[in-house]
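Trainee: Got a structure for you, written out below as structure tokens; questions coming shortly.
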Amino acid sequence: MPRFSANISMMFTELAFDARFEAARNAGFGAVEFMFPYGYVPESLAWALEEYALGLSVFNLPPGDWGGCERGLAAVRGREAEFAEGLDMAARYGRILRADRVHCMAGIAEGREAEACYIGNVRRAADKLARQDCTVLIEPINTFDMPGYFLNRTDQAVELLHKIDHENVALQWDIYHHERTHGNALSALSDVLPHMAHVQIAGVPERHEPKGFGALFAALDASGYAGWVGCEYHPRGKTIEGLSWLGEARDAAGASRT
């Protein structure tokens, strides 16, 4: 059965952020992930991960002015210096948190110049983070949720990985974003698998609890995928009340082994 990580930027939001680590562990998650750790003291986050015996599956590089609708800087020409500053900050947090995956957000941009900027910035991030054994992830995000986002298709991401051509860059494949854009994800798994270092899930189309993913979980198991599956969804109510899907997935996995 896949190993599940709770995205505590979206889940357990009925609790204070520092209480979500314990809640995730008590709910049976082996790891957590979060969007942006930069408003918190990194040592306090590292303490919580160790105290509750949690892995850290991923976090994002600084996105620019999130409140001003910026969604990353890697593909935004003219912001290279700010991207570099954010990369330095992410590297510092990554060292303290012992992170082995970070996601480099592309941003709102388009065209060949944006692509060239993106490739250059991702390569620089990959070079820097390789020195601390941390892989850079790129993720296609659907344009329904994030209009104008530079990287918005799975096939585009695979093509860019070939152009980036760096051993320290891999795909963060979010099933929700894929299915909003392309449809059924299971049919694409074999093509995506060689490039994939992290998976995320959520129900489609409302981004609530990820029910009905039994066939996908079985396929991930059969493929030998050993990474985390990040649960990046907005619970319909309190997080605990919506976790029946997790128990059902575990029961199904147990039954398949008997």
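For the structure tokens, the naming scheme is as follows: chains receive sequential letters (A, B, ...) according to their order of presentation, residues are indexed from 1 within each chain, and ligands are indexed from 1 in presentation order.
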Which residues in region 105-221 of chain A does DSSP call helix (DSSP H, G or I)? List them as a ChimeraX atom specification.

Mentor: /A:112-130,154-164,175-181,186-195,214-221

Trainee: Find the residues near Arg250 (chain A): any atom within 12 Å, counting only C-alpha atoms, skip ones fewer than 5 places away on the same chain, and give them as a CSV table (one decimal) with C-alpha atoms, in the first residue's frame.

Mentor:
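Result saved to out-v9.csv:
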```csv
chain,number,residue,atom,x,y,z
A,1,MET,CA,0.0,0.0,0.0
A,2,PRO,CA,1.3,3.5,-0.7
A,3,ARG,CA,2.7,5.6,2.1
A,4,PHE,CA,0.5,8.6,2.7
A,28,GLY,CA,-2.0,7.4,10.9
A,29,PHE,CA,0.0,9.4,8.4
A,213,PHE,CA,-8.5,5.7,-6.0
A,214,GLY,CA,-8.2,1.9,-5.2
A,217,PHE,CA,-3.1,2.7,-5.4
A,218,ALA,CA,-2.9,-0.9,-6.6
A,243,LEU,CA,-10.7,10.0,6.7
A,244,SER,CA,-12.8,7.0,6.0
A,245,TRP,CA,-11.2,6.8,2.6
A,255,ALA,CA,-7.5,-8.0,1.6
A,256,SER,CA,-5.4,-8.1,-1.5
A,257,ARG,CA,-2.6,-9.8,0.4
```

Trainee: Select, from A:Phe144, A:Phe59, A:Phe83, A:Trp173, the residue with the minimum atom-to-atom distance to Asp100 (chain A), counting only C-alpha atoms.

Mentor: A:Phe59

Trainee: Between A:Leu161, A:Leu129, A:Ile138, A:Ala90, which residue has the minimum interatomic distance to Cys104 (chain A), considering only C-alpha atoms?

Mentor: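 For Cys104 (chain A), the nearest of the given residues is A:Ile138.
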
Trainee: With only C-alpha atoms as the atoms that count, which of A:Ser223, A:Ala126, A:Ile119, A:Glu70 lies nearest to Pro147 (chain A)?

Mentor: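 Looking at the shortest contact to Pro147 (chain A), the residue is A:Glu70.
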
Trainee: Name the residues of region 1-247 of chain A that fall into strand (DSSP E or B) according to DSSP on the backbone, using the chain letters and numbers of this document, as a ChimeraX atom specification.

Mentor: /A:3-7,31-33,55-56,59-60,72,101-103,106,108,135-138,149,169-174,196-201,228-231

Trainee: Closest to Gly212 (chain A) among A:Arg98, A:Ala91, A:Leu246, A:His234, using only C-alpha atoms?

Mentor: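 Once distances to Gly212 (chain A) are computed over only C-alpha atoms, the minimum belongs to A:Leu246.
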
Trainee: Extract, using only C-alpha atoms, all DNA, RNA and protein residues at most 12 Å from Glu50 (chain A), discarding same-chain residues fewer than 2 positions from it, and format them as JSON, numbers by chain.

Mentor: {"A": [21, 22, 25, 30, 31, 32, 43, 44, 45, 46, 47, 48, 52, 53, 54, 55, 56, 96, 97, 98]}

Trainee: Create the file for the chosen residues now, containing N, CA and C atoms and written as a PDB file, in the first residue's frame.

Mentor:
```pdb
ATOM      1  N   PHE A  21       0.866  18.561  13.304  1.00  0.00           N
ATOM      2  CA  PHE A  21       1.827  17.468  13.207  1.00  0.00           C
ATOM      3  C   PHE A  21       1.356  16.274  14.043  1.00  0.00           C
ATOM      4  N   GLU A  22       1.026  16.533  15.296  1.00  0.00           N
ATOM      5  CA  GLU A  22       0.549  15.459  16.168  1.00  0.00           C
ATOM      6  C   GLU A  22      -0.748  14.873  15.634  1.00  0.00           C
ATOM      7  N   ARG A  25       0.005  12.494  12.777  1.00  0.00           N
ATOM      8  CA  ARG A  25       0.556  11.237  13.278  1.00  0.00           C
ATOM      9  C   ARG A  25      -0.542  10.384  13.912  1.00  0.00           C
ATOM     10  N   GLY A  30       2.338   8.880   7.929  1.00  0.00           N
ATOM     11  CA  GLY A  30       3.750   8.706   8.237  1.00  0.00           C
ATOM     12  C   GLY A  30       4.596   9.915   7.917  1.00  0.00           C
ATOM     13  N   ALA A  31       3.998  10.908   7.248  1.00  0.00           N
ATOM     14  CA  ALA A  31       4.740  12.107   6.857  1.00  0.00           C
ATOM     15  C   ALA A  31       3.761  13.257   6.704  1.00  0.00           C
ATOM     16  N   VAL A  32       4.320  14.446   6.624  1.00  0.00           N
ATOM     17  CA  VAL A  32       3.539  15.638   6.312  1.00  0.00           C
ATOM     18  C   VAL A  32       4.243  16.396   5.198  1.00  0.00           C
ATOM     19  N   GLU A  43      13.746  25.584  13.005  1.00  0.00           N
ATOM     20  CA  GLU A  43      14.084  24.648  14.080  1.00  0.00           C
ATOM     21  C   GLU A  43      12.841  24.121  14.795  1.00  0.00           C
ATOM     22  N   SER A  44      11.795  24.953  14.894  1.00  0.00           N
ATOM     23  CA  SER A  44      10.567  24.487  15.546  1.00  0.00           C
ATOM     24  C   SER A  44       9.847  23.455  14.683  1.00  0.00           C
ATOM     25  N   LEU A  45       9.911  23.628  13.363  1.00  0.00           N
ATOM     26  CA  LEU A  45       9.321  22.645  12.465  1.00  0.00           C
ATOM     27  C   LEU A  45      10.111  21.336  12.524  1.00  0.00           C
ATOM     28  N   ALA A  46      11.425  21.450  12.560  1.00  0.00           N
ATOM     29  CA  ALA A  46      12.261  20.254  12.645  1.00  0.00           C
ATOM     30  C   ALA A  46      11.984  19.499  13.938  1.00  0.00           C
ATOM     31  N   TRP A  47      11.784  20.247  15.032  1.00  0.00           N
ATOM     32  CA  TRP A  47      11.458  19.601  16.313  1.00  0.00           C
ATOM     33  C   TRP A  47      10.153  18.829  16.208  1.00  0.00           C
ATOM     34  N   ALA A  48       9.131  19.417  15.591  1.00  0.00           N
ATOM     35  CA  ALA A  48       7.834  18.758  15.477  1.00  0.00           C
ATOM     36  C   ALA A  48       7.936  17.486  14.632  1.00  0.00           C
ATOM     37  N   TYR A  52       7.191  13.809  16.551  1.00  0.00           N
ATOM     38  CA  TYR A  52       6.073  12.950  16.159  1.00  0.00           C
ATOM     39  C   TYR A  52       6.470  11.917  15.112  1.00  0.00           C
ATOM     40  N   ALA A  53       7.778  11.735  14.935  1.00  0.00           N
ATOM     41  CA  ALA A  53       8.319  10.691  14.059  1.00  0.00           C
ATOM     42  C   ALA A  53       7.701  10.751  12.672  1.00  0.00           C
ATOM     43  N   LEU A  54       7.716  11.948  12.092  1.00  0.00           N
ATOM     44  CA  LEU A  54       7.125  12.176  10.780  1.00  0.00           C
ATOM     45  C   LEU A  54       8.195  12.455   9.737  1.00  0.00           C
ATOM     46  N   GLY A  55       8.000  11.902   8.560  1.00  0.00           N
ATOM     47  CA  GLY A  55       8.808  12.308   7.431  1.00  0.00           C
ATOM     48  C   GLY A  55       8.298  13.627   6.872  1.00  0.00           C
ATOM     49  N   LEU A  56       9.103  14.231   6.027  1.00  0.00           N
ATOM     50  CA  LEU A  56       8.705  15.451   5.310  1.00  0.00           C
ATOM     51  C   LEU A  56       8.750  15.127   3.826  1.00  0.00           C
ATOM     52  N   ILE A  96      17.857  22.377   7.485  1.00  0.00           N
ATOM     53  CA  ILE A  96      17.413  22.231   8.874  1.00  0.00           C
ATOM     54  C   ILE A  96      16.321  21.165   8.986  1.00  0.00           C
ATOM     55  N   LEU A  97      15.460  21.104   7.980  1.00  0.00           N
ATOM     56  CA  LEU A  97      14.350  20.141   7.999  1.00  0.00           C
ATOM     57  C   LEU A  97      14.742  18.786   7.418  1.00  0.00           C
ATOM     58  N   ARG A  98      15.964  18.678   6.915  1.00  0.00           N
ATOM     59  CA  ARG A  98      16.449  17.454   6.281  1.00  0.00           C
ATOM     60  C   ARG A  98      15.533  17.028   5.137  1.00  0.00           C
TER      61      ARG A  98
END
```

Trainee: At what distance in Å, to one decimal, does CA of Val102 (chain A) lie from CA of Val204 (chain A)?

Mentor: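 These atoms are spaced 24.6 Å apart.
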
Trainee: Skipping near chain neighbours, those fewer than 5 positions away, what residues fall within 9 Å of Gly203 (chain A) using only C-alpha atoms, listed as a list in words?

Mentor: Ile175, Tyr176, His208, Glu209, Pro210, Lys211, Gly212, Phe213 and Tyr233 of chain A

Trainee: Please write the residues from the selection above to a file, keeping all heavy atoms, as a compact mmCIF listing (two decimals), in the first residue's frame.

Mentor:
```txt
# COMPACT_ATOMS: atom_id res chain seq x y z
N ILE A 175 -2.36 13.98 -9.13
CA ILE A 175 -3.45 13.30 -9.85
C ILE A 175 -4.62 14.25 -10.07
O ILE A 175 -5.27 14.23 -11.13
CB ILE A 175 -3.91 12.06 -9.06
CG1 ILE A 175 -2.74 11.11 -8.82
CG2 ILE A 175 -5.04 11.36 -9.80
CD1 ILE A 175 -2.01 10.66 -10.04
N TYR A 176 -4.90 15.09 -9.09
CA TYR A 176 -5.99 16.05 -9.23
C TYR A 176 -5.75 16.97 -10.42
O TYR A 176 -6.63 17.15 -11.29
CB TYR A 176 -6.14 16.86 -7.94
CG TYR A 176 -7.02 18.08 -8.09
CD1 TYR A 176 -8.40 17.96 -8.11
CD2 TYR A 176 -6.46 19.35 -8.23
CE1 TYR A 176 -9.22 19.08 -8.26
CE2 TYR A 176 -7.26 20.47 -8.39
CZ TYR A 176 -8.63 20.33 -8.39
OH TYR A 176 -9.43 21.44 -8.55
N HIS A 208 -11.77 17.62 -2.81
CA HIS A 208 -12.05 17.14 -1.46
C HIS A 208 -11.40 15.76 -1.27
O HIS A 208 -10.42 15.45 -1.93
CB HIS A 208 -13.56 17.11 -1.23
CG HIS A 208 -14.20 18.46 -1.22
ND1 HIS A 208 -13.65 19.55 -0.56
CD2 HIS A 208 -15.35 18.92 -1.79
CE1 HIS A 208 -14.43 20.61 -0.71
NE2 HIS A 208 -15.47 20.25 -1.46
N GLU A 209 -11.95 14.97 -0.36
CA GLU A 209 -11.37 13.67 -0.03
C GLU A 209 -11.16 12.79 -1.27
O GLU A 209 -12.03 12.75 -2.16
CB GLU A 209 -12.26 12.94 0.98
CG GLU A 209 -12.15 13.44 2.39
CD GLU A 209 -12.88 14.76 2.68
OE1 GLU A 209 -13.51 15.30 1.75
OE2 GLU A 209 -12.83 15.24 3.83
N PRO A 210 -10.04 12.09 -1.34
CA PRO A 210 -9.67 11.31 -2.54
C PRO A 210 -10.28 9.91 -2.53
O PRO A 210 -9.57 8.92 -2.36
CB PRO A 210 -8.15 11.26 -2.46
CG PRO A 210 -7.86 11.30 -0.99
CD PRO A 210 -8.93 12.17 -0.37
N LYS A 211 -11.56 9.80 -2.74
CA LYS A 211 -12.22 8.50 -2.74
C LYS A 211 -12.20 7.90 -4.14
O LYS A 211 -12.16 8.60 -5.14
CB LYS A 211 -13.65 8.65 -2.24
CG LYS A 211 -13.72 9.13 -0.78
CD LYS A 211 -15.14 9.19 -0.27
CE LYS A 211 -15.17 9.62 1.20
NZ LYS A 211 -16.55 9.67 1.74
N GLY A 212 -12.22 6.56 -4.20
CA GLY A 212 -12.26 5.88 -5.48
C GLY A 212 -10.92 5.73 -6.16
O GLY A 212 -10.86 5.56 -7.38
N PHE A 213 -9.85 5.76 -5.38
CA PHE A 213 -8.51 5.66 -5.96
C PHE A 213 -7.89 4.28 -5.77
O PHE A 213 -6.68 4.12 -5.92
CB PHE A 213 -7.59 6.72 -5.35
CG PHE A 213 -7.78 8.10 -5.92
CD1 PHE A 213 -8.80 8.92 -5.46
CD2 PHE A 213 -6.95 8.57 -6.92
CE1 PHE A 213 -8.98 10.18 -5.97
CE2 PHE A 213 -7.12 9.83 -7.45
CZ PHE A 213 -8.15 10.65 -6.98
N TYR A 233 -5.60 17.99 -0.25
CA TYR A 233 -7.01 18.26 -0.52
C TYR A 233 -7.63 19.09 0.60
O TYR A 233 -7.08 19.18 1.70
CB TYR A 233 -7.79 16.96 -0.72
CG TYR A 233 -7.91 16.07 0.51
CD1 TYR A 233 -8.94 16.24 1.43
CD2 TYR A 233 -7.00 15.04 0.74
CE1 TYR A 233 -9.07 15.41 2.54
CE2 TYR A 233 -7.11 14.21 1.84
CZ TYR A 233 -8.15 14.39 2.74
OH TYR A 233 -8.26 13.58 3.84
```

Trainee: Using only C-alpha atoms, find the one residue out of A:Ala27, A:Arg153, A:Ala130, A:Ile108 that sits nearest to His166 (chain A).

Mentor: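 Result for the nearest residue to His166 (chain A): A:Ala130.
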